[in-house]
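Some notes on the structure that comes next.
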Amino acid sequence: MNETPDEIIDDTLTGSGLVAEKAKRLAKVDEIRTSGQEPYPYRFDRSHTLAEVRAEHGTIEAGTETDVHVSVAGRMMLKRDGGKLIFANLRDRSDQIQLFISKAVVGEDAFVAIADLDLGDWIGVEGVVMATRTGELSIKVRSMVLLAKAMRPIPDKWKGLTDTDTRFRQRYADLIVNEEARRAFQIRHTMISSFRKTLTDHGYIEVETPVLHMEAGGAHARPFITHHNTLDLDLYLRIALELHLKRLIVGGMERVFEIGRIFRNEGMSTRHNPEFTMMESYQAFADVSDIIALTEELITNAARDALGTTVVDLGGEMVDLSQPWRQVRMIDLVAEATGVEVHPSQPVEQLRELAAKYDVKCAPRWGSGKIIEELFEATSEHLLIHPTFVTGHPVEISPLARVDRTDPFLTERFELFMVGREFANGYSELNDPVEQRLRFENEQAAKDAGDDEATGVDEDYIRALEYGMPPTGGLGVGMDRVAMMLAGVSSIKEVILFPTLRPEVL
RNA sequence: GCGCCUCUAGCUCAAUGGUAGAGCAGUGGACUUUUAAUCCAUUGGUUCUGGGUUCGAGACCCAGGGGGCGCACCA
């Protein structure tokens, strides 16, 4: 190396790779500091969001200028330099508006500073609202301050980012350039806030229960295991919200819900992320029929709030959610699909034979109820495009649900399906502590037999039930899937800001 | 975990086994009503990594890595 450091710097400053680009922008920051300006000021007072500017003045006549002064802030997304006149596009969260920068108005120094901005820089401007000759609403800039210098170039100004790896790893960059990504997360936000409103309107109160569990109960799933040092105790990240929320019903809170992250140590796919968001709600004195009605209301309201319509695209078919949703028993769907009547009271051998016809492989310990569910999944689930409440799940696969008041082999339970996917699950809650203990013991037996998704006996939960839980209806909704449905996307990663990915090799 | 596809400039994409290119971004210049501004000039490469075949590899082969899709898993 016989180059002097100066020569090296000169070299990077004349190149245009990423390293050179960053070096140029760092040099600009130095220049700004040298000139007595602050490249990263602490705050900026804005008078309007861009959407407010548009709402208040969007209709002014082409070629006119108001005397309305505004201060706005955002990221500079485009710049069209015209010698003594610069047009730039400024974007904030709410909207995008054109900036009209005239050398004669801002003066020589400010004009040079603006011309020297890079796409992606955060700026605040003060000026008057106007419309150009072509009618484009603009802000005639009188002064500009840099709010934060961008060191890296933003991705392609009109094709955005397409590489899914980069989009999910660098979500910040995705959000800067991809309008659809911003839209999906706006829909997700509106949906969640709609759920909160519907529930609180019904007298529910929002609670928070532990993420760290002694026993990973409330669902069948492999848990993540972690360790608490002080207690020297292995703990599980929750796989469901259910058991703690029902303890609160025992405590007399009557109507509770939680929207929370749960964790399942299982495969990842377009529909599965290891951590995802569940909404669970429990209502004293209610049964499954009340919960079915609530579920319809929650999802229909969410569509109306997030999309402005109850008509949604379900796998290419436009469906009005405000129409009544179908209810059908799981055993009836299986009978419909196979032409054979099925019931969990049947001998397991009969169902095994039927399962074999449909290529459903049965584990030796499965009973009739579990096989019926597998048959349902193999033959019927994927056909349920329109919203459908599948009801009457066998007792064997529903350890926390109450037995159907007319059929001791079934439970008062439903799962909601749309586009062939499960969205929600609810039931009349089992509140008899003696029966609950028996159900847990069956689970324990399955666990002992090697089922690593089965749960053990939750003694504290039994103790809670022994204090008395009123009749209760409960619900669980996979919020990510509702968001996917409303946003019209086919991958769960499109509605999770930072989906789980393998570590990046830098 | 298995199968198929994919990875080239900051971004979006090209390139019969034969000198790695374009558009945007960047840099220099012209322009006071642009809209992905336009026009002229121009810089920029570990072709994911490591091996191999070949006179010659971005391309073909092997191994590894990231991602996508499908299957499995997910009551």
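Each chain in the structure tokens gets a letter, A, B, ..., in the order shown, and its residues are numbered from 1; ligands are numbered from 1 in order too.
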
Pull the closest atom pair for each residue of chain B that gets at most 7 Å from chain A, along with the distance in Å to one decimal, counting only C-alpha atoms (C1' of nucleotides), ordering rows by chain and then ascending residue number, as JSON lines.
```
{"residue": "B:G10", "atom": "C1'", "partner": "A:Leu18", "partner_atom": "CA", "distance": 5.4}
{"residue": "B:C11", "atom": "C1'", "partner": "A:Asp156", "partner_atom": "CA", "distance": 4.3}
{"residue": "B:U12", "atom": "C1'", "partner": "A:Lys159", "partner_atom": "CA", "distance": 6.2}
{"residue": "B:C24", "atom": "C1'", "partner": "A:Asp156", "partner_atom": "CA", "distance": 6.2}
{"residue": "B:G26", "atom": "C1'", "partner": "A:Ser16", "partner_atom": "CA", "distance": 5.7}
{"residue": "B:C31", "atom": "C1'", "partner": "A:Gly83", "partner_atom": "CA", "distance": 5.4}
{"residue": "B:U32", "atom": "C1'", "partner": "A:Leu85", "partner_atom": "CA", "distance": 5.2}
{"residue": "B:U33", "atom": "C1'", "partner": "A:Arg133", "partner_atom": "CA", "distance": 6.2}
{"residue": "B:U34", "atom": "C1'", "partner": "A:Phe87", "partner_atom": "CA", "distance": 6.2}
{"residue": "B:A36", "atom": "C1'", "partner": "A:Trp158", "partner_atom": "CA", "distance": 6.5}
{"residue": "B:A37", "atom": "C1'", "partner": "A:Arg80", "partner_atom": "CA", "distance": 6.1}
{"residue": "B:U43", "atom": "C1'", "partner": "A:Gly15", "partner_atom": "CA", "distance": 5.2}
{"residue": "B:G44", "atom": "C1'", "partner": "A:Ser16", "partner_atom": "CA", "distance": 4.7}
{"residue": "B:G67", "atom": "C1'", "partner": "A:Asp165", "partner_atom": "CA", "distance": 5.3}
{"residue": "B:C73", "atom": "C1'", "partner": "A:Gly267", "partner_atom": "CA", "distance": 5.9}
{"residue": "B:C74", "atom": "C1'", "partner": "A:Glu266", "partner_atom": "CA", "distance": 6.4}
{"residue": "B:A75", "atom": "C1'", "partner": "A:His220", "partner_atom": "CA", "distance": 5.8}
```

Those same residues - N, CA, C and O atoms (P, O5', C5', C4', C3', O3' and C1' of nucleotides) - I'd like them written as a CSV table (one decimal), in the first residue's frame.
```csv
chain,number,residue,atom,x,y,z
B,10,G,P,-23.6,-2.6,-4.5
B,10,G,O5',-24.9,-2.1,-3.8
B,10,G,C5',-25.1,-2.0,-2.4
B,10,G,C4',-26.3,-1.2,-2.2
B,10,G,C3',-27.6,-1.6,-2.9
B,10,G,O3',-28.3,-2.5,-2.2
B,10,G,C1',-27.2,0.7,-3.3
B,11,C,P,-29.0,-3.8,-2.9
B,11,C,O5',-30.3,-3.2,-3.6
B,11,C,C5',-31.3,-2.7,-2.9
B,11,C,C4',-32.4,-2.1,-3.8
B,11,C,C3',-32.9,-3.0,-4.9
B,11,C,O3',-33.9,-3.8,-4.5
B,11,C,C1',-32.3,-0.9,-5.8
B,12,U,P,-34.1,-5.2,-5.2
B,12,U,O5',-34.6,-4.8,-6.7
B,12,U,C5',-35.9,-4.2,-6.9
B,12,U,C4',-36.2,-4.0,-8.3
B,12,U,C3',-35.9,-5.2,-9.2
B,12,U,O3',-37.0,-6.1,-9.2
B,12,U,C1',-34.9,-3.3,-10.2
B,24,C,P,-32.3,6.3,-16.2
B,24,C,O5',-32.6,6.1,-14.6
B,24,C,C5',-34.0,6.1,-14.2
B,24,C,C4',-34.1,5.6,-12.8
B,24,C,C3',-33.2,6.4,-11.7
B,24,C,O3',-33.8,7.6,-11.4
B,24,C,C1',-33.0,4.1,-11.4
B,26,G,P,-29.8,10.8,-6.8
B,26,G,O5',-28.2,10.3,-6.7
B,26,G,C5',-27.7,10.0,-5.5
B,26,G,C4',-26.2,9.6,-5.7
B,26,G,C3',-25.4,10.7,-6.4
B,26,G,O3',-25.0,11.7,-5.4
B,26,G,C1',-24.9,8.6,-7.4
B,31,C,P,-28.6,27.0,-17.1
B,31,C,O5',-30.1,26.6,-17.2
B,31,C,C5',-30.9,26.9,-18.3
B,31,C,C4',-32.2,26.2,-18.3
B,31,C,C3',-33.0,26.4,-17.0
B,31,C,O3',-33.8,27.6,-17.1
B,31,C,C1',-32.9,24.1,-17.5
B,32,U,P,-34.0,28.4,-15.7
B,32,U,O5',-35.6,28.2,-15.5
B,32,U,C5',-36.0,26.9,-15.1
B,32,U,C4',-37.4,27.1,-14.4
B,32,U,C3',-38.4,27.9,-15.3
B,32,U,O3',-39.7,27.3,-15.0
B,32,U,C1',-38.1,28.9,-13.1
B,33,U,P,-40.5,26.8,-16.3
B,33,U,O5',-41.6,25.8,-15.6
B,33,U,C5',-41.1,24.6,-15.1
B,33,U,C4',-42.3,23.8,-14.6
B,33,U,C3',-43.5,23.8,-15.6
B,33,U,O3',-44.1,22.5,-15.5
B,33,U,C1',-44.1,24.7,-13.5
B,34,U,P,-44.3,21.6,-16.8
B,34,U,O5',-43.5,20.3,-16.3
B,34,U,C5',-42.1,20.2,-16.4
B,34,U,C4',-41.5,19.4,-15.3
B,34,U,C3',-42.3,18.1,-14.9
B,34,U,O3',-41.8,17.0,-15.7
B,34,U,C1',-41.9,19.4,-12.9
B,36,A,P,-44.9,10.4,-12.5
B,36,A,O5',-43.7,9.4,-12.0
B,36,A,C5',-43.1,9.6,-10.8
B,36,A,C4',-41.6,9.2,-10.9
B,36,A,C3',-40.9,10.1,-11.8
B,36,A,O3',-39.5,10.3,-11.4
B,36,A,C1',-40.8,7.9,-12.6
B,37,A,P,-39.2,11.7,-10.8
B,37,A,O5',-39.4,12.6,-12.1
B,37,A,C5',-38.5,12.6,-13.1
B,37,A,C4',-39.1,13.3,-14.3
B,37,A,C3',-38.3,13.3,-15.6
B,37,A,O3',-38.4,12.1,-16.3
B,37,A,C1',-39.1,15.5,-15.1
B,43,U,P,-17.0,6.1,-16.7
B,43,U,O5',-17.0,6.0,-15.1
B,43,U,C5',-16.0,6.7,-14.4
B,43,U,C4',-16.4,6.6,-12.9
B,43,U,C3',-16.6,5.2,-12.3
B,43,U,O3',-15.4,4.6,-12.0
B,43,U,C1',-18.4,6.6,-11.6
B,44,G,P,-15.2,3.1,-12.2
B,44,G,O5',-16.2,2.4,-11.2
B,44,G,C5',-16.0,2.5,-9.8
B,44,G,C4',-17.3,2.2,-9.0
B,44,G,C3',-17.7,0.7,-9.2
B,44,G,O3',-17.0,-0.1,-8.2
B,44,G,C1',-19.6,2.1,-9.6
B,67,G,P,-33.4,-17.9,5.7
B,67,G,O5',-34.2,-17.4,4.4
B,67,G,C5',-34.5,-16.1,4.2
B,67,G,C4',-35.0,-15.9,2.8
B,67,G,C3',-36.2,-16.7,2.4
B,67,G,O3',-37.4,-16.1,2.9
B,67,G,C1',-34.7,-16.8,0.7
B,73,C,P,-48.1,-34.7,8.8
B,73,C,O5',-47.4,-33.7,9.8
B,73,C,C5',-46.4,-34.2,10.7
B,73,C,C4',-45.7,-33.0,11.4
B,73,C,C3',-46.7,-32.1,12.2
B,73,C,O3',-47.1,-32.7,13.5
B,73,C,C1',-45.3,-30.8,10.9
B,74,C,P,-48.6,-32.6,13.9
B,74,C,O5',-48.8,-31.0,14.0
B,74,C,C5',-48.2,-30.2,15.0
B,74,C,C4',-48.4,-28.8,14.8
B,74,C,C3',-49.9,-28.3,14.9
B,74,C,O3',-50.2,-28.1,16.3
B,74,C,C1',-48.9,-27.4,13.0
B,75,A,P,-51.6,-27.8,16.9
B,75,A,O5',-52.5,-29.1,17.1
B,75,A,C5',-52.5,-30.1,16.2
B,75,A,C4',-53.4,-31.1,16.8
B,75,A,C3',-54.6,-31.4,15.8
B,75,A,O3',-54.8,-32.8,15.7
B,75,A,C1',-55.4,-31.0,18.0
```

Selection near A:Gln186, 10 Å with only C-alpha atoms (C1' of nucleotides), sequence-local residues under 5 positions removed, as a list of chain:residue names |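 Once the nearby chain positions are removed, what remains is A:Glu180, A:Ala181, A:Met191, A:Ala306, A:Ala483, A:Ala487, A:Val495.
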
Just N, CA and C atoms for this one: save the residues we selected as a PDB file, in the first residue's frame.
```
ATOM      1  N   GLU A 180     -47.820  -1.146  -0.307  1.00  0.00           N
ATOM      2  CA  GLU A 180     -48.683  -2.272   0.103  1.00  0.00           C
ATOM      3  C   GLU A 180     -48.302  -2.765   1.493  1.00  0.00           C
ATOM      4  N   ALA A 181     -47.005  -2.692   1.812  1.00  0.00           N
ATOM      5  CA  ALA A 181     -46.581  -3.118   3.139  1.00  0.00           C
ATOM      6  C   ALA A 181     -47.151  -2.175   4.193  1.00  0.00           C
ATOM      7  N   MET A 191     -57.782  -3.359  12.530  1.00  0.00           N
ATOM      8  CA  MET A 191     -58.477  -4.575  12.932  1.00  0.00           C
ATOM      9  C   MET A 191     -58.358  -4.812  14.433  1.00  0.00           C
ATOM     10  N   ALA A 306     -61.684  -1.743   9.011  1.00  0.00           N
ATOM     11  CA  ALA A 306     -60.381  -1.724   8.343  1.00  0.00           C
ATOM     12  C   ALA A 306     -60.505  -1.493   6.846  1.00  0.00           C
ATOM     13  N   ALA A 483     -55.832 -10.685   9.997  1.00  0.00           N
ATOM     14  CA  ALA A 483     -55.129  -9.598   9.299  1.00  0.00           C
ATOM     15  C   ALA A 483     -54.797 -10.008   7.866  1.00  0.00           C
ATOM     16  N   ALA A 487     -56.167  -8.026   4.677  1.00  0.00           N
ATOM     17  CA  ALA A 487     -55.174  -7.365   3.826  1.00  0.00           C
ATOM     18  C   ALA A 487     -55.069  -8.041   2.463  1.00  0.00           C
ATOM     19  N   VAL A 495     -47.983  -9.771   7.409  1.00  0.00           N
ATOM     20  CA  VAL A 495     -48.718  -9.047   8.454  1.00  0.00           C
ATOM     21  C   VAL A 495     -47.985  -9.074   9.794  1.00  0.00           C
TER      22      VAL A 495
END
```

Could you name the residues that touch stretch 284-298 of chain A at 8 Å or less, counting only C-alpha atoms (C1' of nucleotides), but leaving out those on the same chain fewer than 6 positions away, as a PDB file with N, CA and C atoms, in the first residue's frame?
```
ATOM      1  N   SER A 194     -60.337  -2.384  16.325  1.00  0.00           N
ATOM      2  CA  SER A 194     -61.761  -2.712  16.171  1.00  0.00           C
ATOM      3  C   SER A 194     -62.168  -3.835  17.130  1.00  0.00           C
ATOM      4  N   PHE A 195     -61.308  -4.841  17.239  1.00  0.00           N
ATOM      5  CA  PHE A 195     -61.592  -5.926  18.197  1.00  0.00           C
ATOM      6  C   PHE A 195     -61.723  -5.352  19.615  1.00  0.00           C
ATOM      7  N   THR A 198     -65.101  -3.499  19.963  1.00  0.00           N
ATOM      8  CA  THR A 198     -66.255  -4.401  20.045  1.00  0.00           C
ATOM      9  C   THR A 198     -66.312  -5.062  21.420  1.00  0.00           C
ATOM     10  N   LEU A 199     -65.158  -5.510  21.889  1.00  0.00           N
ATOM     11  CA  LEU A 199     -65.154  -6.213  23.177  1.00  0.00           C
ATOM     12  C   LEU A 199     -65.470  -5.272  24.332  1.00  0.00           C
ATOM     13  N   ILE A 249     -62.059 -15.434  35.472  1.00  0.00           N
ATOM     14  CA  ILE A 249     -63.516 -15.629  35.537  1.00  0.00           C
ATOM     15  C   ILE A 249     -63.880 -16.210  36.908  1.00  0.00           C
ATOM     16  N   GLU A 254     -65.789 -11.623  35.264  1.00  0.00           N
ATOM     17  CA  GLU A 254     -66.960 -11.783  34.381  1.00  0.00           C
ATOM     18  C   GLU A 254     -66.689 -11.710  32.880  1.00  0.00           C
ATOM     19  N   ARG A 255     -66.045 -10.657  32.433  1.00  0.00           N
ATOM     20  CA  ARG A 255     -65.765 -10.573  30.990  1.00  0.00           C
ATOM     21  C   ARG A 255     -64.347 -10.050  30.803  1.00  0.00           C
ATOM     22  N   TRP A 325     -73.517 -16.777   8.922  1.00  0.00           N
ATOM     23  CA  TRP A 325     -72.475 -17.761   8.623  1.00  0.00           C
ATOM     24  C   TRP A 325     -72.994 -19.169   8.890  1.00  0.00           C
ATOM     25  N   PHE A 389     -68.831 -22.175  10.785  1.00  0.00           N
ATOM     26  CA  PHE A 389     -68.578 -22.653  12.139  1.00  0.00           C
ATOM     27  C   PHE A 389     -68.715 -24.167  12.151  1.00  0.00           C
ATOM     28  N   GLU A 412     -69.553 -28.785  23.304  1.00  0.00           N
ATOM     29  CA  GLU A 412     -70.170 -27.548  22.813  1.00  0.00           C
ATOM     30  C   GLU A 412     -69.042 -26.645  22.359  1.00  0.00           C
ATOM     31  N   ARG A 413     -68.577 -26.908  21.165  1.00  0.00           N
ATOM     32  CA  ARG A 413     -67.380 -26.246  20.677  1.00  0.00           C
ATOM     33  C   ARG A 413     -67.566 -25.871  19.215  1.00  0.00           C
ATOM     34  N   PHE A 414     -66.809 -24.871  18.767  1.00  0.00           N
ATOM     35  CA  PHE A 414     -66.769 -24.578  17.330  1.00  0.00           C
ATOM     36  C   PHE A 414     -65.379 -24.147  16.945  1.00  0.00           C
ATOM     37  N   ALA A 424     -60.668 -19.259  14.241  1.00  0.00           N
ATOM     38  CA  ALA A 424     -61.081 -19.072  15.630  1.00  0.00           C
ATOM     39  C   ALA A 424     -61.556 -20.388  16.195  1.00  0.00           C
ATOM     40  N   GLY A 426     -63.803 -21.769  19.824  1.00  0.00           N
ATOM     41  CA  GLY A 426     -64.500 -21.331  21.032  1.00  0.00           C
ATOM     42  C   GLY A 426     -65.375 -22.427  21.580  1.00  0.00           C
ATOM     43  N   TYR A 427     -65.730 -22.283  22.845  1.00  0.00           N
ATOM     44  CA  TYR A 427     -66.619 -23.290  23.420  1.00  0.00           C
ATOM     45  C   TYR A 427     -67.260 -22.839  24.712  1.00  0.00           C
ATOM     46  N   SER A 428     -68.259 -23.656  25.104  1.00  0.00           N
ATOM     47  CA  SER A 428     -68.765 -23.579  26.468  1.00  0.00           C
ATOM     48  C   SER A 428     -67.681 -24.195  27.332  1.00  0.00           C
ATOM     49  N   GLU A 429     -67.211 -23.426  28.338  1.00  0.00           N
ATOM     50  CA  GLU A 429     -66.036 -23.856  29.080  1.00  0.00           C
ATOM     51  C   GLU A 429     -66.372 -24.926  30.111  1.00  0.00           C
ATOM     52  N   PRO A 470     -68.246 -19.791  37.094  1.00  0.00           N
ATOM     53  CA  PRO A 470     -69.614 -19.743  36.573  1.00  0.00           C
ATOM     54  C   PRO A 470     -69.651 -20.323  35.164  1.00  0.00           C
ATOM     55  N   PRO A 471     -70.854 -20.652  34.665  1.00  0.00           N
ATOM     56  CA  PRO A 471     -70.929 -21.053  33.261  1.00  0.00           C
ATOM     57  C   PRO A 471     -70.284 -19.971  32.407  1.00  0.00           C
ATOM     58  N   THR A 472     -69.461 -20.378  31.448  1.00  0.00           N
ATOM     59  CA  THR A 472     -68.632 -19.417  30.713  1.00  0.00           C
ATOM     60  C   THR A 472     -68.499 -19.834  29.262  1.00  0.00           C
ATOM     61  N   GLY A 473     -68.544 -18.843  28.397  1.00  0.00           N
ATOM     62  CA  GLY A 473     -68.222 -19.079  26.990  1.00  0.00           C
ATOM     63  C   GLY A 473     -66.901 -18.416  26.652  1.00  0.00           C
ATOM     64  N   GLY A 474     -66.031 -19.123  25.930  1.00  0.00           N
ATOM     65  CA  GLY A 474     -64.708 -18.587  25.623  1.00  0.00           C
ATOM     66  C   GLY A 474     -64.405 -18.634  24.138  1.00  0.00           C
ATOM     67  N   LEU A 475     -63.454 -17.771  23.756  1.00  0.00           N
ATOM     68  CA  LEU A 475     -63.116 -17.633  22.341  1.00  0.00           C
ATOM     69  C   LEU A 475     -61.625 -17.390  22.174  1.00  0.00           C
TER      70      LEU A 475
END
```

If you count only C-alpha atoms (C1' of nucleotides), which residues fall within 12 Å of A:Ala27, apart from same-chain ones fewer than 2 positions away, as an MDAnalysis selection string?
-> chainID A and resid 9:10 12:13 20:25 29:34 39 116 149 151

Could you pull out all residues of stretch 106-279 of chain A with a DSSP call of helix (DSSP H, G or I) and give them as a PyMOL selection string?
-> chain A and resi 106+108-115+164-169+171-177+179-201+242-250

Show which residues sit within 12 Å of A:Asp45, as a PyMOL selection string. Count only C-alpha atoms (C1' of nucleotides), and ignore same-chain residues fewer than 6 positions away.
-> chain A and resi 70-74+123-126+145+147

Restricting it to N, CA and C atoms, dump the selection as a PDB file, in the first residue's frame.
```
ATOM      1  N   VAL A  70     -47.694  26.939   6.493  1.00  0.00           N
ATOM      2  CA  VAL A  70     -47.685  25.645   7.180  1.00  0.00           C
ATOM      3  C   VAL A  70     -46.240  25.220   7.441  1.00  0.00           C
ATOM      4  N   SER A  71     -46.093  24.416   8.489  1.00  0.00           N
ATOM      5  CA  SER A  71     -44.818  23.757   8.745  1.00  0.00           C
ATOM      6  C   SER A  71     -45.083  22.267   8.701  1.00  0.00           C
ATOM      7  N   VAL A  72     -44.382  21.585   7.832  1.00  0.00           N
ATOM      8  CA  VAL A  72     -44.605  20.146   7.692  1.00  0.00           C
ATOM      9  C   VAL A  72     -43.257  19.432   7.734  1.00  0.00           C
ATOM     10  N   ALA A  73     -43.306  18.136   7.988  1.00  0.00           N
ATOM     11  CA  ALA A  73     -42.070  17.367   8.088  1.00  0.00           C
ATOM     12  C   ALA A  73     -42.272  15.994   7.475  1.00  0.00           C
ATOM     13  N   GLY A  74     -41.176  15.456   6.967  1.00  0.00           N
ATOM     14  CA  GLY A  74     -41.274  14.121   6.385  1.00  0.00           C
ATOM     15  C   GLY A  74     -39.972  13.725   5.724  1.00  0.00           C
ATOM     16  N   ILE A 123     -36.661  15.972   6.452  1.00  0.00           N
ATOM     17  CA  ILE A 123     -36.583  17.435   6.500  1.00  0.00           C
ATOM     18  C   ILE A 123     -37.865  18.023   7.079  1.00  0.00           C
ATOM     19  N   GLY A 124     -37.744  19.251   7.571  1.00  0.00           N
ATOM     20  CA  GLY A 124     -38.916  20.019   7.944  1.00  0.00           C
ATOM     21  C   GLY A 124     -38.913  21.269   7.077  1.00  0.00           C
ATOM     22  N   VAL A 125     -40.071  21.669   6.582  1.00  0.00           N
ATOM     23  CA  VAL A 125     -40.117  22.880   5.763  1.00  0.00           C
ATOM     24  C   VAL A 125     -41.243  23.785   6.236  1.00  0.00           C
ATOM     25  N   GLU A 126     -41.029  25.076   5.952  1.00  0.00           N
ATOM     26  CA  GLU A 126     -42.057  26.064   6.251  1.00  0.00           C
ATOM     27  C   GLU A 126     -42.345  26.764   4.938  1.00  0.00           C
ATOM     28  N   VAL A 145     -35.252  22.869   7.111  1.00  0.00           N
ATOM     29  CA  VAL A 145     -34.212  22.381   8.023  1.00  0.00           C
ATOM     30  C   VAL A 145     -34.073  20.871   7.841  1.00  0.00           C
ATOM     31  N   LEU A 147     -33.689  17.374   9.243  1.00  0.00           N
ATOM     32  CA  LEU A 147     -34.047  16.762  10.529  1.00  0.00           C
ATOM     33  C   LEU A 147     -33.216  15.524  10.817  1.00  0.00           C
TER      34      LEU A 147
END
```
